[in-house]
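Next comes model.cif, with mmCIF, C-alpha atoms and all ligand atoms.
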data_work
#
loop_
_atom_site.label_atom_id
_atom_site.label_comp_id
_atom_site.auth_asym_id
_atom_site.auth_seq_id
_atom_site.Cartn_x
_atom_site.Cartn_y
_atom_site.Cartn_z
CA MET A 1 71.31 122.71 99.69
CA GLU A 2 74.44 122.38 97.53
CA THR A 3 76.67 119.64 99.00
CA THR A 4 79.02 118.74 96.11
CA LEU A 5 82.23 120.72 95.75
CA VAL A 6 83.71 120.27 92.27
CA VAL A 7 87.36 121.38 92.04
CA PRO A 8 90.40 120.21 90.01
CA GLN A 9 91.37 117.87 92.89
CA GLY A 10 88.04 116.00 92.51
CA SER A 11 84.42 116.10 93.43
CA PHE A 12 83.60 115.97 97.17
CA GLU A 13 80.50 115.66 99.31
CA LEU A 14 80.69 118.21 102.13
CA ARG A 15 78.31 119.06 104.94
CA ARG A 16 78.40 121.42 107.90
CA PHE A 17 78.50 120.24 111.50
CA PRO A 18 76.38 119.87 113.56
CA ARG A 19 74.17 118.49 110.79
CA PHE A 20 70.63 119.85 110.58
CA ALA A 21 68.13 118.89 107.88
CA SER A 22 67.13 122.58 107.71
CA ASP A 23 70.70 123.84 107.13
CA LEU A 24 70.77 125.69 103.82
CA LEU A 25 74.37 126.87 104.03
CA ARG A 26 77.19 125.27 102.03
CA ALA A 27 80.19 123.78 103.82
CA TRP A 28 82.73 125.79 101.81
CA ASP A 29 83.11 129.33 100.49
CA ALA A 30 84.42 131.00 97.34
CA ALA A 31 87.85 131.42 98.99
CA ASP A 32 88.23 127.61 99.41
CA ASP A 33 87.24 127.13 95.78
CA TYR A 34 89.62 129.88 94.55
CA LEU A 35 92.56 128.50 96.55
CA LEU A 36 92.06 124.91 95.36
CA HIS A 37 91.90 126.07 91.72
CA HIS A 38 95.00 128.21 92.20
CA LEU A 39 97.01 125.34 93.76
CA SER A 40 96.14 123.03 90.88
CA GLU A 41 97.34 125.60 88.34
CA LEU A 42 100.78 126.05 89.92
CA GLN A 43 103.72 124.31 88.30
CA GLY A 44 104.78 121.30 90.40
CA SER A 45 101.43 121.78 92.11
CA PRO A 46 101.48 121.56 95.92
CA GLY A 47 98.23 119.63 95.47
CA ARG A 48 100.11 116.82 93.73
CA ASP A 49 103.69 116.46 94.95
CA LYS A 50 104.68 114.69 98.14
CA GLY A 51 105.47 117.33 100.79
CA VAL A 52 103.54 118.29 103.90
CA THR A 53 100.71 120.81 103.79
CA TRP A 54 99.62 122.63 106.96
CA ILE A 55 96.09 124.00 106.76
CA LEU A 56 94.87 126.50 109.36
CA ASN A 57 91.23 127.39 110.11
CA ASP A 58 89.53 125.06 107.62
CA GLY A 59 85.86 125.80 108.41
CA PHE A 60 84.31 122.41 107.61
CA GLY A 61 87.20 120.52 106.03
CA ALA A 62 86.87 121.48 102.33
CA LEU A 63 90.60 122.18 101.89
CA THR A 64 91.65 119.24 104.06
CA VAL A 65 89.45 116.73 102.22
CA ALA A 66 90.49 117.94 98.74
CA LEU A 67 94.23 117.89 99.50
CA ALA A 68 94.18 114.63 101.46
CA ALA A 69 92.34 113.04 98.51
CA SER A 70 95.16 114.13 96.19
CA GLY A 71 97.67 112.16 98.26
CA ARG A 72 99.27 115.03 100.08
CA SER A 73 100.25 114.65 103.77
CA VAL A 74 97.99 117.11 105.58
CA GLN A 75 97.98 118.65 109.05
CA MET A 76 94.97 120.79 109.91
CA SER A 77 94.86 123.03 112.95
CA CYS A 78 91.98 125.21 114.09
CA ASP A 79 90.50 126.68 117.24
CA SER A 80 87.07 125.15 116.78
CA TRP A 81 85.95 121.76 118.09
CA LEU A 82 83.00 121.93 115.67
CA ALA A 83 85.32 122.55 112.69
CA GLN A 84 87.38 119.52 113.70
CA GLN A 85 84.26 117.36 113.92
CA ALA A 86 83.07 118.66 110.53
CA THR A 87 86.44 117.80 109.00
CA ARG A 88 86.36 114.28 110.49
CA ALA A 89 82.82 113.65 109.24
CA ASN A 90 83.62 114.98 105.76
CA LEU A 91 86.81 112.90 105.47
CA GLN A 92 84.73 109.81 106.29
CA GLU A 93 81.92 110.82 103.93
CA ASN A 94 84.49 110.94 101.12
CA GLY A 95 86.05 107.58 101.93
CA LEU A 96 89.17 109.05 103.53
CA GLN A 97 90.52 107.81 106.86
CA ASP A 98 90.83 110.65 109.35
CA SER A 99 94.13 109.03 110.33
CA ALA A 100 95.37 110.24 106.89
CA VAL A 101 95.27 113.75 108.34
CA HIS A 102 96.66 115.14 111.58
CA LEU A 103 93.95 117.20 113.24
CA LEU A 104 95.41 119.64 115.76
CA THR A 105 94.09 122.32 118.07
CA SER A 106 95.34 125.84 117.43
CA LEU A 107 97.70 125.48 120.41
CA GLU A 108 99.36 122.25 119.22
CA SER A 109 102.43 122.22 117.00
CA PRO A 110 102.43 120.17 113.80
CA ALA A 111 104.63 117.07 114.06
CA ALA A 112 106.63 118.03 110.95
CA ALA A 113 107.50 121.37 109.37
CA ALA A 114 105.33 122.01 106.31
CA ASP A 115 106.56 123.15 102.91
CA VAL A 116 103.15 124.58 102.03
CA VAL A 117 100.89 126.47 104.45
CA LEU A 118 97.29 127.39 103.63
CA ILE A 119 95.65 129.78 106.05
CA LYS A 120 91.99 130.76 105.89
CA ILE A 121 91.86 134.29 107.29
CA PRO A 122 90.14 134.13 110.70
CA LYS A 123 87.71 136.81 111.86
CA SER A 124 89.95 137.70 114.78
CA LEU A 125 93.05 139.73 113.88
CA ALA A 126 94.62 138.61 117.18
CA LEU A 127 94.22 134.94 116.23
CA LEU A 128 95.73 135.67 112.81
CA GLU A 129 98.71 137.39 114.45
CA ASP A 130 99.27 134.45 116.81
CA GLN A 131 98.98 131.95 113.94
CA LEU A 132 101.42 133.85 111.68
CA HIS A 133 103.98 133.76 114.51
CA ARG A 134 103.42 130.00 114.86
CA ILE A 135 103.85 129.55 111.08
CA ARG A 136 107.12 131.51 111.16
CA THR A 137 108.61 129.42 113.97
CA GLN A 138 107.15 126.02 113.10
CA SER A 139 107.44 126.02 109.29
CA PRO A 140 110.16 128.54 108.39
CA GLY A 141 110.63 128.97 104.65
CA ALA A 142 107.24 127.43 103.75
CA LEU A 143 105.22 128.74 100.83
CA VAL A 144 102.32 130.55 102.51
CA PHE A 145 98.95 131.14 100.85
CA GLY A 146 96.19 133.06 102.61
CA ALA A 147 92.56 132.90 101.49
CA GLY A 148 89.49 134.79 102.55
CA MET A 149 86.47 136.74 101.44
CA THR A 150 87.35 140.31 100.40
CA LYS A 151 85.34 141.74 103.33
CA GLN A 152 87.70 139.90 105.73
CA ILE A 153 90.93 141.15 104.14
CA HIS A 154 91.96 144.65 105.18
CA THR A 155 95.15 146.70 105.13
CA SER A 156 95.75 145.51 108.71
CA THR A 157 95.58 141.87 107.51
CA LEU A 158 98.28 142.50 104.90
CA GLN A 159 100.39 144.43 107.39
CA LEU A 160 100.40 141.43 109.74
CA PHE A 161 101.58 139.08 106.97
CA GLU A 162 104.29 141.56 105.94
CA SER A 163 105.53 142.27 109.47
CA ILE A 164 105.64 138.61 110.57
CA LEU A 165 106.38 136.58 107.43
CA GLY A 166 107.64 138.88 104.68
CA SER A 167 106.59 140.58 101.47
CA THR A 168 102.94 139.79 100.67
CA THR A 169 100.84 140.36 97.58
CA THR A 170 97.17 139.75 96.86
CA SER A 171 95.34 138.23 93.90
CA LEU A 172 92.51 139.84 92.00
CA ALA A 173 89.15 139.30 93.66
CA ARG A 174 87.10 136.40 92.28
CA ARG A 175 83.52 135.85 93.41
CA LYS A 176 84.26 138.18 96.33
CA ALA A 177 87.23 136.06 97.45
CA ARG A 178 90.91 136.93 97.43
CA LEU A 179 94.20 135.08 97.89
CA LEU A 180 97.38 136.29 99.60
CA PHE A 181 100.90 135.17 98.69
CA SER A 182 103.67 135.59 101.25
CA GLU A 183 107.40 135.32 100.62
CA PHE A 184 109.19 134.11 103.73
CA ASP A 185 111.86 136.65 104.71
CA GLU A 186 114.52 134.93 106.79
CA ALA A 187 116.16 138.22 107.78
CA LEU A 188 112.97 139.72 109.20
CA GLU A 189 112.92 140.12 113.00
CA PRO A 190 109.26 140.45 113.96
CA ASP A 191 108.19 141.67 117.39
CA PRO A 192 107.58 138.75 119.76
CA ASN A 193 104.18 137.04 119.73
CA PRO A 194 102.09 139.06 122.25
CA TYR A 195 99.73 136.11 123.01
CA PRO A 196 98.49 134.90 125.37
CA SER A 197 97.78 138.27 126.98
CA GLN A 198 96.52 139.07 130.47
CA TYR A 199 94.29 141.48 132.32
CA GLN A 200 93.68 142.21 135.97
CA LEU A 201 90.06 141.62 137.03
CA ASP A 202 88.99 144.62 139.09
CA GLY A 203 87.74 143.92 142.60
CA THR A 204 89.91 140.76 142.79
CA ASP A 205 93.59 139.87 142.86
CA TRP A 206 93.10 137.71 139.77
CA THR A 207 95.24 138.09 136.67
CA LEU A 208 93.34 136.38 133.88
CA THR A 209 95.21 134.86 130.94
CA ASN A 210 93.58 134.99 127.52
CA HIS A 211 94.75 133.22 124.40
CA ALA A 212 94.48 135.05 121.08
CA GLY A 213 91.02 135.15 119.52
CA LEU A 214 89.14 134.80 122.78
CA PHE A 215 85.92 136.73 123.39
CA SER A 216 86.61 139.97 125.30
CA ARG A 217 90.31 139.19 125.55
CA GLU A 218 91.36 142.65 126.72
CA GLY A 219 88.99 143.10 129.64
CA LEU A 220 85.75 141.97 131.21
CA ASP A 221 82.76 142.21 128.86
CA VAL A 222 80.02 144.60 130.04
CA GLY A 223 77.34 141.89 129.76
CA THR A 224 79.49 139.36 131.62
CA ARG A 225 79.99 141.90 134.42
CA GLN A 226 76.22 142.23 134.74
CA LEU A 227 75.81 138.45 135.01
CA LEU A 228 78.57 138.16 137.65
CA ALA A 229 76.54 140.34 140.00
CA HIS A 230 73.70 137.76 140.00
CA ILE A 231 75.55 134.49 140.54
CA PRO A 232 73.68 132.87 143.42
CA VAL A 233 75.25 131.57 146.62
CA ALA A 234 73.86 128.18 147.59
CA ASP A 235 73.99 126.50 151.00
CA THR A 236 74.28 123.01 149.45
CA ALA A 237 77.04 121.52 147.27
CA GLN A 238 76.09 122.19 143.68
CA GLN A 239 76.94 121.08 140.17
CA ILE A 240 77.54 124.28 138.19
CA VAL A 241 78.21 124.57 134.45
CA ASP A 242 79.88 127.59 132.80
CA LEU A 243 78.46 127.13 129.31
CA GLY A 244 80.49 128.88 126.57
CA CYS A 245 83.09 129.69 129.21
CA GLY A 246 85.63 131.79 127.25
CA ASN A 247 88.42 132.55 129.75
CA GLY A 248 86.24 131.03 132.50
CA VAL A 249 85.56 134.23 134.42
CA ILE A 250 81.89 133.38 135.14
CA GLY A 251 82.65 129.88 136.44
CA LEU A 252 85.64 131.13 138.43
CA MET A 253 83.45 133.66 140.22
CA ALA A 254 80.74 131.02 140.81
CA ALA A 255 83.37 128.71 142.31
CA GLN A 256 84.68 131.43 144.59
CA ARG A 257 81.18 132.23 145.87
CA ASN A 258 80.29 128.54 146.26
CA PRO A 259 83.30 126.80 147.83
CA GLY A 260 81.53 123.41 147.92
CA ALA A 261 80.44 123.44 144.26
CA GLN A 262 81.72 121.21 141.46
CA LEU A 263 82.45 123.27 138.35
CA GLN A 264 82.37 122.19 134.72
CA PHE A 265 83.62 124.49 131.95
CA VAL A 266 82.48 123.91 128.35
CA ASP A 267 83.43 125.75 125.18
CA GLU A 268 83.81 124.78 121.54
CA SER A 269 87.01 126.87 121.32
CA PHE A 270 90.18 125.01 122.29
CA THR A 271 91.91 128.23 123.32
CA ALA A 272 88.95 129.14 125.55
CA ILE A 273 89.23 125.82 127.39
CA ALA A 274 93.02 126.20 127.68
CA SER A 275 92.60 129.74 129.07
CA ALA A 276 89.87 128.71 131.56
CA GLN A 277 91.95 125.75 132.77
CA HIS A 278 95.05 127.89 133.16
CA ASN A 279 93.08 130.56 135.09
CA TRP A 280 91.53 127.92 137.37
CA GLN A 281 94.97 126.53 138.22
CA GLN A 282 96.31 130.01 138.96
CA ILE A 283 93.42 130.84 141.30
CA PHE A 284 92.61 127.53 143.01
CA SER A 285 95.89 125.63 142.38
CA ALA A 286 95.81 121.96 143.35
CA SER A 287 93.40 122.57 146.24
CA ARG A 288 90.32 122.16 144.08
CA SER A 289 89.53 120.33 140.85
CA ALA A 290 87.11 121.17 138.03
CA LYS A 291 86.18 119.66 134.67
CA PHE A 292 87.10 121.25 131.34
CA GLU A 293 85.65 120.10 128.04
CA ALA A 294 86.00 121.28 124.45
CA GLY A 295 82.67 120.33 122.93
CA ASP A 296 79.29 121.38 121.61
CA CYS A 297 77.04 122.93 124.26
CA VAL A 298 76.10 120.40 126.96
CA ALA A 299 75.85 117.42 124.56
CA THR A 300 77.92 115.09 126.76
CA LEU A 301 76.27 115.95 130.11
CA ALA A 302 73.68 113.62 131.64
CA ALA A 303 70.03 114.66 131.96
CA ASP A 304 68.95 115.94 135.41
CA SER A 305 72.55 116.24 136.65
CA VAL A 306 73.15 119.99 137.07
CA ASP A 307 71.90 122.62 139.55
CA LEU A 308 73.02 125.82 137.86
CA VAL A 309 73.95 126.72 134.26
CA LEU A 310 75.57 130.12 133.68
CA CYS A 311 75.66 131.36 130.10
CA ASN A 312 76.62 134.37 128.01
CA PRO A 313 75.77 132.85 124.60
CA PRO A 314 77.56 133.62 121.33
CA PHE A 315 75.55 135.54 118.76
CA HIS A 316 77.40 134.18 115.75
CA GLN A 317 79.06 130.93 114.76
CA HIS A 318 81.29 130.30 111.75
CA SER A 319 80.48 133.86 110.59
CA ALA A 320 76.78 132.99 110.38
CA MET A 321 74.74 135.39 112.51
CA GLY A 322 71.76 134.13 114.43
CA ASP A 323 70.55 132.58 117.61
CA ALA A 324 70.73 128.89 116.65
CA THR A 325 73.61 128.19 119.06
CA ALA A 326 71.94 130.12 121.88
CA TRP A 327 68.78 128.09 121.36
CA ARG A 328 70.78 124.83 121.49
CA MET A 329 72.49 126.04 124.67
CA PHE A 330 69.15 126.88 126.31
CA SER A 331 67.44 123.63 125.30
CA GLY A 332 70.54 121.67 126.35
CA ALA A 333 70.46 123.45 129.72
CA ARG A 334 66.81 122.50 130.15
CA ARG A 335 67.72 118.85 129.53
CA VAL A 336 70.60 118.72 132.03
CA LEU A 337 69.06 120.79 134.84
CA ARG A 338 67.54 118.99 137.81
CA PRO A 339 64.03 119.98 138.89
CA GLY A 340 64.44 123.32 140.65
CA GLY A 341 67.76 123.94 138.86
CA GLU A 342 68.37 127.34 137.26
CA LEU A 343 69.69 128.78 134.03
CA LEU A 344 71.11 132.32 134.21
CA VAL A 345 71.63 134.08 130.89
CA VAL A 346 72.95 137.47 129.87
CA GLY A 347 72.32 138.83 126.40
CA ASN A 348 71.74 141.89 124.28
CA ARG A 349 68.14 142.88 124.85
CA HIS A 350 67.37 143.04 121.10
CA LEU A 351 67.99 139.25 120.90
CA ALA A 352 64.74 138.64 122.82
CA TYR A 353 66.07 135.67 124.79
CA HIS A 354 63.26 136.30 127.26
CA ALA A 355 60.63 134.94 124.84
CA LYS A 356 62.75 131.90 123.98
CA LEU A 357 63.38 130.99 127.61
CA LYS A 358 59.72 131.42 128.49
CA ARG A 359 58.79 129.08 125.66
CA LEU A 360 61.33 126.46 126.75
CA PHE A 361 61.00 126.59 130.53
CA GLY A 362 57.51 128.05 130.95
CA ASN A 363 59.04 130.82 133.10
CA CYS A 364 61.61 133.59 132.81
CA GLU A 365 62.42 136.32 135.29
CA VAL A 366 64.31 139.53 134.50
CA LEU A 367 67.01 139.94 137.18
CA ASP A 368 68.61 143.04 135.70
CA SER A 369 68.33 145.20 132.63
CA ASP A 370 69.74 148.35 131.11
CA ARG A 371 69.62 149.93 127.66
CA LYS A 372 71.80 147.19 126.18
CA PHE A 373 71.74 144.00 128.26
CA VAL A 374 69.30 141.83 130.20
CA VAL A 375 70.10 139.18 132.81
CA LEU A 376 67.46 136.45 132.83
CA ARG A 377 66.68 133.44 135.02
CA SER A 378 64.64 130.38 134.16
CA ARG A 379 63.88 127.59 136.59
CA GLN A 380 63.51 123.95 135.65
CA GLY A 381 60.06 122.66 136.61
CA THR A 382 59.20 119.21 137.84
CA TYR A 383 57.95 118.10 134.39
CA CYS A 384 60.06 115.86 132.18
CA SER A 385 63.14 117.87 131.17
CA THR A 386 63.80 115.70 128.11
CA THR A 387 60.60 116.64 126.23
CA ALA A 388 61.67 118.54 123.12
CA VAL A 389 60.31 122.01 122.46
CA ALA A 390 60.21 123.11 118.82
CA ARG A 391 61.90 126.39 118.00
C1 LIG B 1 79.86 135.61 124.29
S1 LIG B 1 81.17 134.46 124.57
C2 LIG B 1 81.16 134.35 126.35
C3 LIG B 1 82.49 133.96 126.96
C4 LIG B 1 82.58 134.05 128.49
N1 LIG B 1 81.57 133.23 129.12
C5 LIG B 1 82.42 135.49 128.93
O1 LIG B 1 81.31 135.87 129.33
O2 LIG B 1 83.40 136.25 128.82
C6 LIG B 1 80.42 132.94 124.04
C7 LIG B 1 81.31 131.71 124.12
O3 LIG B 1 80.57 130.59 123.62
C8 LIG B 1 81.45 129.74 122.94
N2 LIG B 1 80.69 128.85 122.03
C9 LIG B 1 80.25 129.13 120.77
N3 LIG B 1 79.59 128.08 120.27
C10 LIG B 1 79.62 127.10 121.21
C11 LIG B 1 79.12 125.78 121.25
N4 LIG B 1 78.45 125.26 120.22
N5 LIG B 1 79.34 125.04 122.37
C12 LIG B 1 80.03 125.56 123.42
N6 LIG B 1 80.53 126.82 123.42
C13 LIG B 1 80.33 127.58 122.34
C14 LIG B 1 82.41 130.69 122.22
O4 LIG B 1 83.61 130.06 121.84
C15 LIG B 1 82.59 131.78 123.28
O5 LIG B 1 83.71 131.53 124.10
#
Kindly present the structure from the file in structure tokens form.
Amino acid sequence: METTLVVPQGSFELRRFPRFASDLLRAWDAADDYLLHHLSELQGSPGRDKGVTWILNDGFGALTVALAASGRSVQMSCDSWLAQQATRANLQENGLQDSAVHLLTSLESPAAAADVVLIKIPKSLALLEDQLHRIRTQSPGALVFGAGMTKQIHTSTLQLFESILGSTTTSLARRKARLLFSEFDEALEPDPNPYPSQYQLDGTDWTLTNHAGLFSREGLDVGTRQLLAHIPVADTAQQIVDLGCGNGVIGLMAAQRNPGAQLQFVDESFTAIASAQHNWQQIFSASRSAKFEAGDCVATLAADSVDLVLCNPPFHQHSAMGDATAWRMFSGARRVLRPGGELLVVGNRHLAYHAKLKRLFGNCEVLDSDRKFVVLRSRQGTYCSTTAVAR
């Protein structure tokens, strides 16, 4: 695997996070490389002078590490806990203190207005729209450079830059990457930022709030709806985990059906956790507490501590398709479930989660299925839940 990024700012060792020996993917893309070369070629290069650079959506820290190493004051904001951890680890790997950089969630404002903003184009157009509004209000007049792979940059991407920041041009494509250059237009009066948005959950009096970029932000996902119908009602107090919670709808419903249960919401997206927490407060107010954690699967939960894990796993992470995250969620669930505890999963039937769960738990029951989705249940046996099972 290639781990050395060589750019005009220096030569840097970069790895993805979480770190797996079998990971063959690089921790940067051609758009990072293109942008760093472009910055170094500019007169009075923003890579060298002393202002503040605000980087948004750095995948694994390539831009942050390279610019921090060239002495620039850097603030990096993103919606991914994993991206933040990758950036921290890569700063350390390259002998840079992570205190040299301000790492922020996508909902936090940078401490100081930036004079240069570098934005990696996110997959979600809604997240891009929200972030462009934040750039306009928090760093007015900054020089804004966008960077992405050509397949991620569409007419709608350019239209957002033009309608929120000002006139925007694009570079030629290089190794399937492209840059965007925006001129801040002070006179422009963009429509207000529409995020967070809300929807009414049918069959309830709940209005759910969803930050930009969230999974199924405009309404309940069809698969999620199928899982909701199978949330069990227990007669004992239970520890329940909503794993990959998004706006928290699964855990909220589990809490409503199980008034004595303790709920824990986990997601690697900061905006997901913020949305779930907000929705919990709206529905249960101060009468009931729950735990909310931005993190990787159930890594911080103790073994044998949970009765029920509810999960609608992601089928991609950092634009890499595959079931690696789902597998880590399932094996993590097996570790934290008490004997007799259950994991309920919904997924597209073509993903064959059934076979994976059977391999991990030794059992898997189909609770529901249609042409597209299956709802599955696996029960933790009485054998040692910490024994690893190879993929
Ligand atoms: C398919 S969505 C389901 C969201 C919500 N539970 C629902 O059904 O509407 C999967 C969720 O998993 C989260 N996720 C992805 N990778 C994760 C990880 N490593 N640890 C925790 N959550 C993760 C995503 O941010 C996303 O919110």
- Task: Pick out the residues sitting within 10 Å of segment 105-115 of chain A, and hand them over as an MDAnalysis selection string; count only C-alpha atoms, and ignore anything fewer than 6 positions along from it in its own chain.
- Result: chainID A and resid 46 50:57 73:81 84 127 130:131 134:135 137:144 211:212 269:271 274
- Message: 9 Å from ligand LIG 1 (chain B) is the threshold here; counting only C-alpha atoms and all ligand atoms, which polymer residues fall inside it? Answer as an NGL selection string.
- Response: :A and (18 or 79-82 or 214-217 or 219-225 or 227 or 242-251 or 266-273 or 294-299 or 310-318 or 325-326 or 328-329 or 346-347)
- Mind pulling up the distance from atom CA of Leu158 of chain A to atom CA of Tyr34 of chain A?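 Distance reported for this atom pair: 18.5 Å.
Proximity ranking of A:Asn210, A:Gln97, A:Thr150, A:Ser305 relative to Leu180 of chain A places A:Thr150 first, based on all atoms listed in the file.
With only C-alpha atoms as the atoms that count, the residue of A:Arg72, A:Arg26, A:Arg88, A:Arg15 with the shortest distance to Val116 of chain A is A:Arg72.
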Final all heavy atoms of segment 73-81 of chain A as a tab-separated table (two decimals), keeping the file's coordinate frame:
chain	number	residue	atom	x	y	z
A	73	SER	N	100.29	114.81	102.31
A	73	SER	CA	100.25	114.65	103.77
A	73	SER	C	99.74	115.97	104.37
A	73	SER	O	100.33	117.03	104.13
A	73	SER	CB	101.66	114.31	104.25
A	73	SER	OG	101.71	114.47	105.61
A	74	VAL	N	98.66	115.88	105.13
A	74	VAL	CA	97.99	117.11	105.58
A	74	VAL	C	97.92	117.19	107.10
A	74	VAL	O	97.59	116.21	107.77
A	74	VAL	CB	96.54	117.18	105.01
A	74	VAL	CG1	95.82	118.41	105.53
A	74	VAL	CG2	96.56	117.20	103.49
A	75	GLN	N	98.22	118.36	107.63
A	75	GLN	CA	97.98	118.65	109.05
A	75	GLN	C	97.02	119.83	109.08
A	75	GLN	O	97.25	120.81	108.40
A	75	GLN	CB	99.25	119.06	109.77
A	75	GLN	CG	100.50	118.58	109.10
A	75	GLN	CD	101.66	118.41	110.06
A	75	GLN	OE1	101.47	118.05	111.20
A	75	GLN	NE2	102.84	118.67	109.59
A	76	MET	N	95.94	119.69	109.85
A	76	MET	CA	94.97	120.79	109.91
A	76	MET	C	94.83	121.24	111.35
A	76	MET	O	94.55	120.44	112.23
A	76	MET	CB	93.62	120.34	109.37
A	76	MET	CG	92.68	121.50	109.01
A	76	MET	SD	91.88	122.36	110.39
A	76	MET	CE	90.37	121.41	110.55
A	77	SER	N	95.07	122.53	111.60
A	77	SER	CA	94.86	123.03	112.95
A	77	SER	C	93.81	124.13	112.94
A	77	SER	O	93.72	124.91	111.98
A	77	SER	CB	96.18	123.52	113.57
A	77	SER	OG	96.70	124.58	112.83
A	78	CYS	N	93.00	124.16	113.99
A	78	CYS	CA	91.98	125.21	114.09
A	78	CYS	C	91.60	125.36	115.56
A	78	CYS	O	91.97	124.54	116.38
A	78	CYS	CB	90.76	124.86	113.25
A	78	CYS	SG	89.95	123.38	113.83
A	79	ASP	N	90.86	126.44	115.85
A	79	ASP	CA	90.50	126.68	117.24
A	79	ASP	C	89.12	126.13	117.56
A	79	ASP	O	88.65	126.27	118.69
A	79	ASP	CB	90.54	128.19	117.54
A	79	ASP	CG	90.36	128.44	119.03
A	79	ASP	OD1	90.93	127.65	119.82
A	79	ASP	OD2	89.61	129.37	119.40
A	80	SER	N	88.47	125.52	116.57
A	80	SER	CA	87.07	125.15	116.78
A	80	SER	C	86.88	123.63	116.84
A	80	SER	O	87.21	122.91	115.89
A	80	SER	CB	86.23	125.74	115.63
A	80	SER	OG	84.99	125.10	115.54
A	81	TRP	N	86.28	123.18	117.95
A	81	TRP	CA	85.95	121.76	118.09
A	81	TRP	C	84.96	121.36	117.00
A	81	TRP	O	85.06	120.28	116.42
A	81	TRP	CB	85.38	121.51	119.48
A	81	TRP	CG	85.06	120.09	119.77
A	81	TRP	CD1	85.88	119.15	120.31
A	81	TRP	CD2	83.80	119.42	119.55
A	81	TRP	NE1	85.22	117.94	120.44
A	81	TRP	CE2	83.94	118.09	119.98
A	81	TRP	CE3	82.57	119.83	119.03
A	81	TRP	CZ2	82.90	117.16	119.91
A	81	TRP	CZ3	81.53	118.91	118.96
A	81	TRP	CH2	81.71	117.59	119.40
